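Right, one structure below, let's go through it.
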Amino acid sequence: MVTFLAWVGLGADGISSSCYGPQEAFLALQGHYYLAIILAVMTAVTVFIISASYMQIIKEFPSGGGAYLVASKLLSPTLGMITGCALIVDYVLTIAVSIASGMDAVFSMLPVEWAQYKIIAAACILGVLIILNLRGVKESVMPVVPFFLIFLLTHGIALAWAVIANLGNIPSVMHATVVDFHDATNQLGIFGVFALLMHAYSLGGGTYTGIEAVSNSMPMLREPRVETARKTMIYMAFSLAIVASGLILAYLMFNLSPVAGKTLNAILFERVAASWGVYGSAFILLALASEALILLVAAQTGFLGGPRVLVSMATDKWMPKRFALLNDRLVTQNGILLMGGSALAILFLAKGSVGFLVVLYSINVFLAFSLSQLGMCRHWWRERAVTPGWKQRLAINGVGFMLTSFILLTVVVSKFNEGGWLTIVVTTSLVAVCVVIKRHYDQVEHQLKRLDTLLSASLPAETAGGEEIHDPKPSEDVTKEMTAIIIVSGFNGLGLHALFNVVRIFKGLFKNFVFIQIGIVDAGRFKGTQEIGNLEKSVHEDLKRYVNLVRRQGYHAEYRYAIDTNVVDGVTQLATEVAKKYPMSVLFAGQLVFPKETIFSGILHNYTSFAIQNQLYYQGIPVLVLPVRVEDTQKA
């Protein structure tokens with residue numbers, strides 16, 4: 001995407017937060033509304049600071065710097081996992097709060113007695129989004145452009161009119177602000193006023209959600225990506241700061257107060273267009289409709305972003321490995337149902353209350369913000385000896401960390417008994433699940449190392465390395481002979497087990513052997529080309545050892561490899577290429593088999609090989625799944 005389309009496609013989520021963030025912050029002033037001027041300034045400054053700190057993340061992670069990757073790489077895998085869990089819950093709440101806020105905008109145009117049907121309407125809209133995603137909604141920016149621009153146009157007109165209509169009242173507004181500040185100081189004390197402002201400021205934290213979207217979506221941007229991302233961030237920062245802080249000031253200038261069944265934005269539009277006659281009604285309808293539509297786009301980001309986080313966490317073994325196969329239809333459907341079903345449950349639990357959902361939403365958003373900013377602070381400190389200007393960069397991320405962590409702590413403390421505890425419980429429970437899953441995979445890996453030891457001990461010493469052995473029959477027409485395509489994951493017991501089983505079971509049927517390996521790009525290798533190069537070298541060396549082993553026995557052998565994030569896609573592509581060269585080929589994949597199959601082991605295993613099998617059956621390539629017995633991990 002070019003800068004403009006990136007601003008539209010990635011900025012829609014951020015700009016949509018102005019539909020509920022400024023309102024929650026303004027109402028939290030509890031009648032001392034003239035303090036809104038201070039609040040508006042704080043909101044705009046925060047947008048620019050967080051945006052500046054994320055611009056530094058973009059520069060350091062040009063391949064994509066989502067909070068999960070940043071925390072995993074710069075802090076620790078465990079803190080990265082916690083960040084990932086926060087993001088998953090965050091995306092569920094993105095769906096819920098966006099739909100709830102969208103329904104608030106729609107029902108602001110309807111009679112107040114219809115409000116009782118709001119939660120039902122929200123559930124229906126969520127159901128439609130789930131069905132559309134299950135059928136396969138393509139990510140496209142172009143349909144978003146018209147109502148994104150309408151949103152900016154209508155809100156820009158409302159803000160400009162608020163200033164023009166109250167231009168002569170600005171001195172009195174400033175005077176009233178001073179008076180209100182003194183009155184509030186007399187009533188609450190200076191610390192009470194500070195606490196009130198900080199409380200309102202923290203409850204407006206939903207305003208800053210979506211700022212991280214650019215760093216999450218770097219692969220989607222046009223080259224040079226860093227420059228495109230930087231310009232996109234500037235557009236996003238200015239548009240969000242102007243709309244969010246402008247709305248807070250507009251509420252103040254028109255002296256708005258809550259009305260049952262209407263959002264403050266709806267009341268603002270009515271006040272702005274009160275004297276416009278029929279054009280005023282059309283303006284109000286257009287403005288609120290654009291809000292509802294832009295919020296639906298924001299909800300859609302939850303269905304797209306949530307499964308992507310699951311992919312990264314599954315690659316690092318924090319989630320079931322099957323979630324790493326995002327292009328597999330069944331996996332995608334499970335991810336969509338997980339996100340949509342959870343959002344539906346939250347919607348009914350919150351009874352469609354945007355205020356309640358924003359509290360839940362803000363906690364995990366700012367947990368991810370804080371950890372990513374902390375990771376960048378640690379990065380600049382470690383790189384201070386080799387990075388010019390590290391103090392300025394550290395200062396930017398340091399201020400970002402202080403702001404985001406302050407908002408996080410304030411929301412948790414002030415809203416703990418009003419729903420904050422629920423987010424903490426849900427996120428902590430998800431963290432516990434991830435720990436159990438990771439421990440299981442580690443135990444299985446430990447068990448498989450025994451297989452490595454047993455099989456490697458029987459190999460000739462020269463197998464461990466050396467120059468590549470020449471093909472014993474390079475001049476023969478090997479393409480007409482039976483070929484075994486064997487999937488391996490390194491030179492280990494699993495790969496050797498598969499090779500020996502093929503030789504043992506088929507007793508000389510296969511004359512050619514082709515080894516396939518996919519180098520998986522995980523959080524530890526995703527930062528730059530150096531790590532990718534090291535991974536590629538490791539894969540090459542492992543495959544060369546297999547080839548040397550087979551060629552010593554007089555067979556033709558070669559290998560193929562790819563660096564990817566998805567095993568099934570990589571294997572399917574390579575196997576198809578091999579099958580074109582060797583028409584008489586069969587692919588062999590290993591499958592772990594446990595003494596006692598449980599629901600747990602079934603979820604965490606028994607999927608990748610069959611997903612590959614399903615893909616290659618469509619290509620007409622036969623696939624055989626070989627069992628690999630694993631001792632009971634509970635006894636390990």
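Ordering of the structure tokens sets the chain letters (A, B, ...), residue numbers begin anew at 1 in every chain, and ligands are numbered from 1 in the order given.
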
- Task: Please identify all polymer residues within 12 Å of Ala395 of chain A, counting only C-alpha atoms, omitting same-chain residues fewer than 6 positions from it, and present them as a list in words.
- Result: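 Listed by chain and then number, they are Ile49, Ala52, Ser53, Gln56, Gln373, Leu374, Met376, Cys377, Arg378, Trp380, Trp381, Gly389, Phe401 and Met402 of chain A.
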
- Message: Which residues are near Gly302 of chain A? Cut-off 10 Å, only C-alpha atoms, ignore same chain within fewer than 2 positions. Put them as number ranges by chain.
- Response: A: 13, 87-96, 98, 297-300, 304-308, 336, 339-340, 343

I'd like the neighbourhood of segment 29-31 of chain A as a PDB file with N, CA, C and O atoms, in the first residue's frame, where a residue qualifies if any of its atoms comes within 10 Å (using only C-alpha atoms), though same-chain residues fewer than 5 positions away should be ignored.
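So selection.pdb came out as:
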```
ATOM      1  N   GLU A  24     -15.760   9.177  26.774  1.00  0.00           N
ATOM      2  CA  GLU A  24     -15.522   8.594  28.097  1.00  0.00           C
ATOM      3  C   GLU A  24     -14.638   9.510  28.942  1.00  0.00           C
ATOM      4  O   GLU A  24     -14.852   9.657  30.145  1.00  0.00           O
ATOM      5  N   ALA A  36     -11.728  20.400  30.523  1.00  0.00           N
ATOM      6  CA  ALA A  36     -11.585  19.680  29.258  1.00  0.00           C
ATOM      7  C   ALA A  36     -10.493  20.288  28.383  1.00  0.00           C
ATOM      8  O   ALA A  36      -9.908  19.592  27.544  1.00  0.00           O
ATOM      9  N   LEU A  39      -7.474  18.590  29.361  1.00  0.00           N
ATOM     10  CA  LEU A  39      -7.603  17.198  28.924  1.00  0.00           C
ATOM     11  C   LEU A  39      -7.348  17.072  27.422  1.00  0.00           C
ATOM     12  O   LEU A  39      -6.689  16.114  26.974  1.00  0.00           O
ATOM     13  N   ASP A 180     -13.384  27.529  36.994  1.00  0.00           N
ATOM     14  CA  ASP A 180     -13.720  26.139  37.305  1.00  0.00           C
ATOM     15  C   ASP A 180     -12.539  25.435  37.962  1.00  0.00           C
ATOM     16  O   ASP A 180     -12.722  24.620  38.875  1.00  0.00           O
ATOM     17  N   ALA A 184     -12.796  23.828  41.575  1.00  0.00           N
ATOM     18  CA  ALA A 184     -12.470  22.413  41.768  1.00  0.00           C
ATOM     19  C   ALA A 184     -11.355  22.247  42.793  1.00  0.00           C
ATOM     20  O   ALA A 184     -11.375  21.311  43.607  1.00  0.00           O
ATOM     21  N   VAL A 193      -7.907  17.567  42.209  1.00  0.00           N
ATOM     22  CA  VAL A 193      -8.060  17.993  40.814  1.00  0.00           C
ATOM     23  C   VAL A 193      -7.122  17.193  39.915  1.00  0.00           C
ATOM     24  O   VAL A 193      -7.506  16.745  38.825  1.00  0.00           O
ATOM     25  N   LEU A 196      -8.552  13.788  39.484  1.00  0.00           N
ATOM     26  CA  LEU A 196      -9.708  13.817  38.592  1.00  0.00           C
ATOM     27  C   LEU A 196      -9.263  13.881  37.132  1.00  0.00           C
ATOM     28  O   LEU A 196      -9.776  13.158  36.265  1.00  0.00           O
ATOM     29  N   LEU A 197      -8.293  14.751  36.855  1.00  0.00           N
ATOM     30  CA  LEU A 197      -7.777  14.876  35.490  1.00  0.00           C
ATOM     31  C   LEU A 197      -7.113  13.572  35.026  1.00  0.00           C
ATOM     32  O   LEU A 197      -7.326  13.120  33.898  1.00  0.00           O
ATOM     33  N   MET A 198      -6.322  12.972  35.912  1.00  0.00           N
ATOM     34  CA  MET A 198      -5.637  11.736  35.546  1.00  0.00           C
ATOM     35  C   MET A 198      -6.639  10.593  35.339  1.00  0.00           C
ATOM     36  O   MET A 198      -6.457   9.748  34.454  1.00  0.00           O
ATOM     37  N   HIS A 199      -7.697  10.603  36.140  1.00  0.00           N
ATOM     38  CA  HIS A 199      -8.741   9.579  35.997  1.00  0.00           C
ATOM     39  C   HIS A 199      -9.420   9.724  34.641  1.00  0.00           C
ATOM     40  O   HIS A 199      -9.599   8.734  33.909  1.00  0.00           O
ATOM     41  N   ALA A 200      -9.789  10.956  34.282  1.00  0.00           N
ATOM     42  CA  ALA A 200     -10.424  11.201  32.985  1.00  0.00           C
ATOM     43  C   ALA A 200      -9.464  10.884  31.847  1.00  0.00           C
ATOM     44  O   ALA A 200      -9.845  10.290  30.826  1.00  0.00           O
ATOM     45  N   TYR A 201      -8.220  11.279  32.030  1.00  0.00           N
ATOM     46  CA  TYR A 201      -7.192  11.036  31.013  1.00  0.00           C
ATOM     47  C   TYR A 201      -7.009   9.536  30.766  1.00  0.00           C
ATOM     48  O   TYR A 201      -6.918   9.084  29.616  1.00  0.00           O
ATOM     49  N   SER A 257     -24.112  17.902  27.702  1.00  0.00           N
ATOM     50  CA  SER A 257     -24.321  17.008  28.844  1.00  0.00           C
ATOM     51  C   SER A 257     -25.002  15.758  28.336  1.00  0.00           C
ATOM     52  O   SER A 257     -25.658  15.777  27.286  1.00  0.00           O
TER      53      SER A 257
END
```

- Message: as an MDAnalysis selection string, please: the residues near Thr483 of chain A (cut-off 9 Å, only C-alpha atoms, same-chain neighbours under 4 positions excluded).
- Response: chainID A and resid 478:479 509:514 579 582:587

- Item | Shortest interatomic distance to Glu113 of chain A - which of A:Gly261, A:Pro388, A:Gly508, A:Pro62, counting only C-alpha atoms | A:Gly261

- Skipping near chain neighbours, those fewer than 4 positions away, what residues fall within 9 Å of Ala575 of chain A using only C-alpha atoms, listed as a PyMOL selection string? chain A and resi 485+516+560+570-571+579-580+587+616+621

Once you have the residues from the selection above, write them out as a PDB file, in the first residue's frame, restricted to all heavy atoms.
```pdb
ATOM      1  N   ILE A 485       9.914 -38.554  -1.227  1.00  0.00           N
ATOM      2  CA  ILE A 485      10.072 -37.179  -0.746  1.00  0.00           C
ATOM      3  C   ILE A 485       9.837 -37.213   0.767  1.00  0.00           C
ATOM      4  O   ILE A 485       8.744 -37.552   1.218  1.00  0.00           O
ATOM      5  CB  ILE A 485       9.065 -36.227  -1.416  1.00  0.00           C
ATOM      6  CG1 ILE A 485       9.141 -36.343  -2.941  1.00  0.00           C
ATOM      7  CG2 ILE A 485       9.309 -34.794  -0.976  1.00  0.00           C
ATOM      8  CD1 ILE A 485       8.046 -35.557  -3.659  1.00  0.00           C
ATOM      9  N   ILE A 516      13.005 -32.520   2.167  1.00  0.00           N
ATOM     10  CA  ILE A 516      12.392 -31.187   2.186  1.00  0.00           C
ATOM     11  C   ILE A 516      12.389 -30.665   3.617  1.00  0.00           C
ATOM     12  O   ILE A 516      12.001 -31.388   4.555  1.00  0.00           O
ATOM     13  CB  ILE A 516      10.943 -31.240   1.660  1.00  0.00           C
ATOM     14  CG1 ILE A 516      10.937 -31.436   0.141  1.00  0.00           C
ATOM     15  CG2 ILE A 516      10.181 -29.965   2.016  1.00  0.00           C
ATOM     16  CD1 ILE A 516       9.548 -31.521  -0.441  1.00  0.00           C
ATOM     17  N   ARG A 560      15.580 -29.856  -1.032  1.00  0.00           N
ATOM     18  CA  ARG A 560      14.933 -28.571  -1.285  1.00  0.00           C
ATOM     19  C   ARG A 560      14.616 -27.944   0.079  1.00  0.00           C
ATOM     20  O   ARG A 560      14.308 -28.640   1.038  1.00  0.00           O
ATOM     21  CB  ARG A 560      13.621 -28.733  -2.051  1.00  0.00           C
ATOM     22  CG  ARG A 560      13.715 -29.440  -3.374  1.00  0.00           C
ATOM     23  CD  ARG A 560      14.205 -28.509  -4.480  1.00  0.00           C
ATOM     24  NE  ARG A 560      13.994 -29.092  -5.808  1.00  0.00           N
ATOM     25  CZ  ARG A 560      14.722 -30.040  -6.353  1.00  0.00           C
ATOM     26  NH1 ARG A 560      15.739 -30.537  -5.661  1.00  0.00           N
ATOM     27  NH2 ARG A 560      14.469 -30.509  -7.554  1.00  0.00           N
ATOM     28  N   GLY A 570       4.812 -23.992   2.670  1.00  0.00           N
ATOM     29  CA  GLY A 570       6.161 -24.225   2.171  1.00  0.00           C
ATOM     30  C   GLY A 570       6.340 -25.625   1.621  1.00  0.00           C
ATOM     31  O   GLY A 570       6.903 -25.819   0.535  1.00  0.00           O
ATOM     32  N   VAL A 571       5.858 -26.630   2.364  1.00  0.00           N
ATOM     33  CA  VAL A 571       5.986 -28.020   1.919  1.00  0.00           C
ATOM     34  C   VAL A 571       5.190 -28.250   0.635  1.00  0.00           C
ATOM     35  O   VAL A 571       5.666 -28.920  -0.301  1.00  0.00           O
ATOM     36  CB  VAL A 571       5.523 -28.980   3.028  1.00  0.00           C
ATOM     37  CG1 VAL A 571       5.365 -30.394   2.483  1.00  0.00           C
ATOM     38  CG2 VAL A 571       6.504 -28.974   4.187  1.00  0.00           C
ATOM     39  N   ALA A 579       7.629 -33.056  -7.512  1.00  0.00           N
ATOM     40  CA  ALA A 579       6.782 -34.015  -8.229  1.00  0.00           C
ATOM     41  C   ALA A 579       6.785 -33.769  -9.737  1.00  0.00           C
ATOM     42  O   ALA A 579       6.594 -34.707 -10.526  1.00  0.00           O
ATOM     43  CB  ALA A 579       5.360 -33.950  -7.689  1.00  0.00           C
ATOM     44  N   LYS A 580       6.999 -32.527 -10.152  1.00  0.00           N
ATOM     45  CA  LYS A 580       7.086 -32.239 -11.590  1.00  0.00           C
ATOM     46  C   LYS A 580       8.356 -32.857 -12.186  1.00  0.00           C
ATOM     47  O   LYS A 580       8.350 -33.335 -13.327  1.00  0.00           O
ATOM     48  CB  LYS A 580       7.079 -30.728 -11.815  1.00  0.00           C
ATOM     49  CG  LYS A 580       5.730 -30.078 -11.553  1.00  0.00           C
ATOM     50  CD  LYS A 580       5.802 -28.577 -11.805  1.00  0.00           C
ATOM     51  CE  LYS A 580       4.448 -27.926 -11.524  1.00  0.00           C
ATOM     52  NZ  LYS A 580       4.499 -26.451 -11.728  1.00  0.00           N
ATOM     53  N   LEU A 587       5.272 -38.730  -1.077  1.00  0.00           N
ATOM     54  CA  LEU A 587       5.764 -37.901   0.036  1.00  0.00           C
ATOM     55  C   LEU A 587       5.488 -38.603   1.359  1.00  0.00           C
ATOM     56  O   LEU A 587       4.403 -39.159   1.571  1.00  0.00           O
ATOM     57  CB  LEU A 587       5.086 -36.530   0.018  1.00  0.00           C
ATOM     58  CG  LEU A 587       5.613 -35.537   1.066  1.00  0.00           C
ATOM     59  CD1 LEU A 587       5.765 -34.148   0.456  1.00  0.00           C
ATOM     60  CD2 LEU A 587       4.676 -35.457   2.271  1.00  0.00           C
ATOM     61  N   LEU A 616      -1.830 -31.741  -0.717  1.00  0.00           N
ATOM     62  CA  LEU A 616      -1.162 -32.410  -1.822  1.00  0.00           C
ATOM     63  C   LEU A 616      -2.070 -33.395  -2.554  1.00  0.00           C
ATOM     64  O   LEU A 616      -1.826 -33.710  -3.719  1.00  0.00           O
ATOM     65  CB  LEU A 616       0.090 -33.123  -1.315  1.00  0.00           C
ATOM     66  CG  LEU A 616       1.206 -32.185  -0.846  1.00  0.00           C
ATOM     67  CD1 LEU A 616       2.396 -32.983  -0.345  1.00  0.00           C
ATOM     68  CD2 LEU A 616       1.648 -31.263  -1.977  1.00  0.00           C
ATOM     69  N   ILE A 621      -0.591 -35.752  -5.615  1.00  0.00           N
ATOM     70  CA  ILE A 621       0.645 -36.306  -5.065  1.00  0.00           C
ATOM     71  C   ILE A 621       0.302 -37.217  -3.886  1.00  0.00           C
ATOM     72  O   ILE A 621      -0.286 -36.753  -2.903  1.00  0.00           O
ATOM     73  CB  ILE A 621       1.592 -35.192  -4.602  1.00  0.00           C
ATOM     74  CG1 ILE A 621       1.929 -34.265  -5.783  1.00  0.00           C
ATOM     75  CG2 ILE A 621       2.862 -35.773  -4.002  1.00  0.00           C
ATOM     76  CD1 ILE A 621       2.724 -33.044  -5.380  1.00  0.00           C
TER      77      ILE A 621
END
```

- Step one, run DSSP on the backbone; step two, keep only residues of segment 239-377 of chain A assigned to alpha helix (DSSP H); then write them as number ranges by chain. A: 239-253, 264-272, 278-315, 329-350, 354-377

- Message: Using only C-alpha atoms, which protein or nucleic acid residues come within 9 Å of Cys434 of chain A? Drop anything in the same chain fewer than 6 positions from it, and give the result as a PyMOL selection string.
- Response: chain A and resi 81-82+85+313+317-320

Resulting file, chosen residues, all heavy atoms, as a short mmCIF file (atom, residue, chain, number, x, y, z; two decimals), in the first residue's frame:
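Output below, filename again-v9.cif:
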```cif
data_model
loop_
_atom_site.label_atom_id
_atom_site.label_comp_id
_atom_site.auth_asym_id
_atom_site.auth_seq_id
_atom_site.Cartn_x
_atom_site.Cartn_y
_atom_site.Cartn_z
N MET A 81 5.15 -13.65 25.50
CA MET A 81 3.94 -14.45 25.59
C MET A 81 2.83 -13.70 26.31
O MET A 81 1.67 -13.72 25.89
CB MET A 81 4.26 -15.76 26.30
CG MET A 81 3.07 -16.68 26.54
SD MET A 81 2.27 -16.40 28.14
CE MET A 81 3.55 -16.95 29.26
N ILE A 82 3.18 -13.02 27.40
CA ILE A 82 2.18 -12.24 28.14
C ILE A 82 1.62 -11.13 27.24
O ILE A 82 0.40 -10.88 27.22
CB ILE A 82 2.82 -11.64 29.41
CG1 ILE A 82 3.18 -12.76 30.39
CG2 ILE A 82 1.87 -10.63 30.07
CD1 ILE A 82 3.97 -12.28 31.60
N CYS A 85 -0.81 -12.73 24.80
CA CYS A 85 -2.10 -13.02 25.44
C CYS A 85 -2.93 -11.74 25.58
O CYS A 85 -4.15 -11.74 25.34
CB CYS A 85 -1.88 -13.65 26.80
SG CYS A 85 -1.19 -15.32 26.74
N MET A 313 2.39 -16.89 18.02
CA MET A 313 2.53 -17.61 19.28
C MET A 313 2.58 -19.12 19.07
O MET A 313 3.28 -19.84 19.79
CB MET A 313 1.38 -17.23 20.23
CG MET A 313 1.38 -15.77 20.63
SD MET A 313 0.11 -15.37 21.85
CE MET A 313 0.77 -16.19 23.31
N LYS A 317 5.43 -22.05 19.95
CA LYS A 317 4.94 -23.15 20.79
C LYS A 317 4.21 -22.67 22.05
O LYS A 317 4.07 -23.42 23.01
CB LYS A 317 6.09 -24.08 21.20
CG LYS A 317 6.82 -24.70 20.03
CD LYS A 317 7.98 -25.56 20.49
CE LYS A 317 8.78 -26.09 19.32
NZ LYS A 317 9.96 -26.88 19.76
N TRP A 318 3.70 -21.45 22.04
CA TRP A 318 2.87 -21.00 23.16
C TRP A 318 1.40 -21.37 22.94
O TRP A 318 0.62 -21.41 23.88
CB TRP A 318 2.98 -19.49 23.33
CG TRP A 318 4.31 -18.99 23.77
CD1 TRP A 318 5.21 -18.25 23.06
CD2 TRP A 318 4.93 -19.19 25.06
NE1 TRP A 318 6.33 -17.98 23.79
CE2 TRP A 318 6.19 -18.55 25.03
CE3 TRP A 318 4.54 -19.86 26.23
CZ2 TRP A 318 7.06 -18.54 26.12
CZ3 TRP A 318 5.41 -19.86 27.31
CH2 TRP A 318 6.64 -19.21 27.26
N MET A 319 1.05 -21.61 21.70
CA MET A 319 -0.30 -21.99 21.32
C MET A 319 -0.23 -23.29 20.52
O MET A 319 0.84 -23.65 20.03
CB MET A 319 -0.96 -20.89 20.48
CG MET A 319 -1.37 -19.67 21.28
SD MET A 319 -2.83 -20.04 22.31
CE MET A 319 -3.01 -18.48 23.19
N PRO A 320 -1.35 -24.00 20.38
CA PRO A 320 -1.32 -25.22 19.56
C PRO A 320 -0.74 -24.93 18.19
O PRO A 320 -1.08 -23.95 17.53
CB PRO A 320 -2.81 -25.61 19.47
CG PRO A 320 -3.40 -25.08 20.73
CD PRO A 320 -2.68 -23.79 21.00
#
```

- Pick from A:Ala28, A:Ile469, A:Val503, A:Leu149 nearest to Glu558 of chain A, counting only C-alpha atoms: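 Distance minimum relative to Glu558 of chain A lands on A:Ile469.
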
- Task: For atom CA of Ala250 of chain A and atom CA of Val163 of chain A, determine how far apart the two atoms are, in Å to one decimal place.
- Result: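 Spanning atom CA of Ala250 of chain A to atom CA of Val163 of chain A is a straight-line distance of 7.5 Å.
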
- Message: I'd like the interatomic distance between atom CA of Phe588 of chain A and atom CA of Ala611 of chain A, to a tenth of an Å.
- Response: 13.0 Å

- Message: So that I can check the surroundings of Val173 of chain A, please list as a PyMOL selection string every protein, DNA and RNA residue that reaches within 12 Å of it, counting only C-alpha atoms and ignoring chain neighbours fewer than 2 positions away.
- Response: chain A and resi 33-37+163+166-171+175-180+249-250+252-255

Using N, CA, C and O atoms, can you write the selected residues to a file as an mmCIF file, in the first residue's frame?
```cif
data_model
loop_
_atom_site.group_PDB
_atom_site.id
_atom_site.type_symbol
_atom_site.label_atom_id
_atom_site.label_comp_id
_atom_site.auth_asym_id
_atom_site.auth_seq_id
_atom_site.Cartn_x
_atom_site.Cartn_y
_atom_site.Cartn_z
ATOM 1 N N TYR A 33 -16.377 20.386 33.639
ATOM 2 C CA TYR A 33 -16.115 20.213 32.217
ATOM 3 C C TYR A 33 -15.132 21.234 31.643
ATOM 4 O O TYR A 33 -14.580 21.009 30.574
ATOM 5 N N TYR A 34 -14.926 22.361 32.317
ATOM 6 C CA TYR A 34 -13.987 23.341 31.787
ATOM 7 C C TYR A 34 -12.536 22.865 31.909
ATOM 8 O O TYR A 34 -11.634 23.455 31.308
ATOM 9 N N LEU A 35 -12.332 21.796 32.681
ATOM 10 C CA LEU A 35 -11.004 21.183 32.701
ATOM 11 C C LEU A 35 -10.721 20.434 31.401
ATOM 12 O O LEU A 35 -9.617 19.927 31.204
ATOM 13 N N ALA A 36 -11.728 20.400 30.523
ATOM 14 C CA ALA A 36 -11.585 19.680 29.258
ATOM 15 C C ALA A 36 -10.493 20.288 28.383
ATOM 16 O O ALA A 36 -9.908 19.592 27.544
ATOM 17 N N ILE A 37 -10.212 21.575 28.550
ATOM 18 C CA ILE A 37 -9.145 22.192 27.757
ATOM 19 C C ILE A 37 -7.807 21.535 28.083
ATOM 20 O O ILE A 37 -7.019 21.189 27.192
ATOM 21 N N VAL A 163 -15.844 25.781 16.414
ATOM 22 C CA VAL A 163 -14.921 26.892 16.641
ATOM 23 C C VAL A 163 -15.514 28.195 16.122
ATOM 24 O O VAL A 163 -15.520 29.223 16.815
ATOM 25 N N ASN A 166 -18.498 29.559 18.089
ATOM 26 C CA ASN A 166 -18.177 29.995 19.449
ATOM 27 C C ASN A 166 -16.920 30.857 19.489
ATOM 28 O O ASN A 166 -16.292 30.990 20.542
ATOM 29 N N LEU A 167 -16.580 31.439 18.336
ATOM 30 C CA LEU A 167 -15.360 32.233 18.263
ATOM 31 C C LEU A 167 -15.378 33.401 19.241
ATOM 32 O O LEU A 167 -14.385 33.692 19.912
ATOM 33 N N GLY A 168 -16.525 34.038 19.340
ATOM 34 C CA GLY A 168 -16.618 35.174 20.257
ATOM 35 C C GLY A 168 -16.661 34.773 21.717
ATOM 36 O O GLY A 168 -16.469 35.620 22.610
ATOM 37 N N ASN A 169 -16.908 33.486 21.992
ATOM 38 C CA ASN A 169 -17.015 33.012 23.379
ATOM 39 C C ASN A 169 -15.703 32.470 23.924
ATOM 40 O O ASN A 169 -15.652 32.043 25.085
ATOM 41 N N ILE A 170 -14.668 32.446 23.088
ATOM 42 C CA ILE A 170 -13.401 31.849 23.524
ATOM 43 C C ILE A 170 -12.835 32.544 24.763
ATOM 44 O O ILE A 170 -12.416 31.862 25.712
ATOM 45 N N PRO A 171 -12.823 33.909 24.830
ATOM 46 C CA PRO A 171 -12.328 34.540 26.066
ATOM 47 C C PRO A 171 -13.116 34.135 27.302
ATOM 48 O O PRO A 171 -12.531 33.884 28.365
ATOM 49 N N HIS A 175 -11.854 32.133 30.613
ATOM 50 C CA HIS A 175 -12.097 32.653 31.961
ATOM 51 C C HIS A 175 -12.834 31.625 32.811
ATOM 52 O O HIS A 175 -12.488 31.412 33.995
ATOM 53 N N ALA A 176 -13.837 30.984 32.212
ATOM 54 C CA ALA A 176 -14.607 29.974 32.948
ATOM 55 C C ALA A 176 -13.727 28.791 33.332
ATOM 56 O O ALA A 176 -13.927 28.171 34.385
ATOM 57 N N THR A 177 -12.756 28.489 32.482
ATOM 58 C CA THR A 177 -11.836 27.393 32.801
ATOM 59 C C THR A 177 -11.021 27.710 34.049
ATOM 60 O O THR A 177 -10.845 26.848 34.928
ATOM 61 N N VAL A 178 -10.533 28.948 34.127
ATOM 62 C CA VAL A 178 -9.761 29.366 35.298
ATOM 63 C C VAL A 178 -10.633 29.309 36.551
ATOM 64 O O VAL A 178 -10.212 28.820 37.612
ATOM 65 N N VAL A 179 -11.870 29.823 36.423
ATOM 66 C CA VAL A 179 -12.802 29.824 37.563
ATOM 67 C C VAL A 179 -13.118 28.396 37.987
ATOM 68 O O VAL A 179 -13.119 28.070 39.189
ATOM 69 N N ASP A 180 -13.384 27.529 36.994
ATOM 70 C CA ASP A 180 -13.720 26.139 37.305
ATOM 71 C C ASP A 180 -12.539 25.435 37.962
ATOM 72 O O ASP A 180 -12.722 24.620 38.875
ATOM 73 N N LEU A 249 -12.920 19.503 22.949
ATOM 74 C CA LEU A 249 -13.135 20.961 22.996
ATOM 75 C C LEU A 249 -14.525 21.331 22.483
ATOM 76 O O LEU A 249 -15.169 22.251 23.007
ATOM 77 N N ALA A 250 -14.996 20.609 21.455
ATOM 78 C CA ALA A 250 -16.332 20.892 20.919
ATOM 79 C C ALA A 250 -17.417 20.575 21.952
ATOM 80 O O ALA A 250 -18.411 21.325 22.076
ATOM 81 N N LEU A 252 -17.102 20.928 25.074
ATOM 82 C CA LEU A 252 -17.035 22.034 26.029
ATOM 83 C C LEU A 252 -17.680 23.292 25.458
ATOM 84 O O LEU A 252 -18.468 23.962 26.138
ATOM 85 N N MET A 253 -17.368 23.630 24.213
ATOM 86 C CA MET A 253 -17.876 24.873 23.619
ATOM 87 C C MET A 253 -19.394 24.883 23.520
ATOM 88 O O MET A 253 -20.030 25.930 23.654
ATOM 89 N N PHE A 254 -19.990 23.727 23.284
ATOM 90 C CA PHE A 254 -21.440 23.642 23.204
ATOM 91 C C PHE A 254 -22.071 23.266 24.542
ATOM 92 O O PHE A 254 -23.283 23.066 24.624
ATOM 93 N N ASN A 255 -21.185 23.133 25.584
ATOM 94 C CA ASN A 255 -21.668 22.844 26.936
ATOM 95 C C ASN A 255 -22.579 21.617 26.942
ATOM 96 O O ASN A 255 -23.700 21.638 27.474
#
```
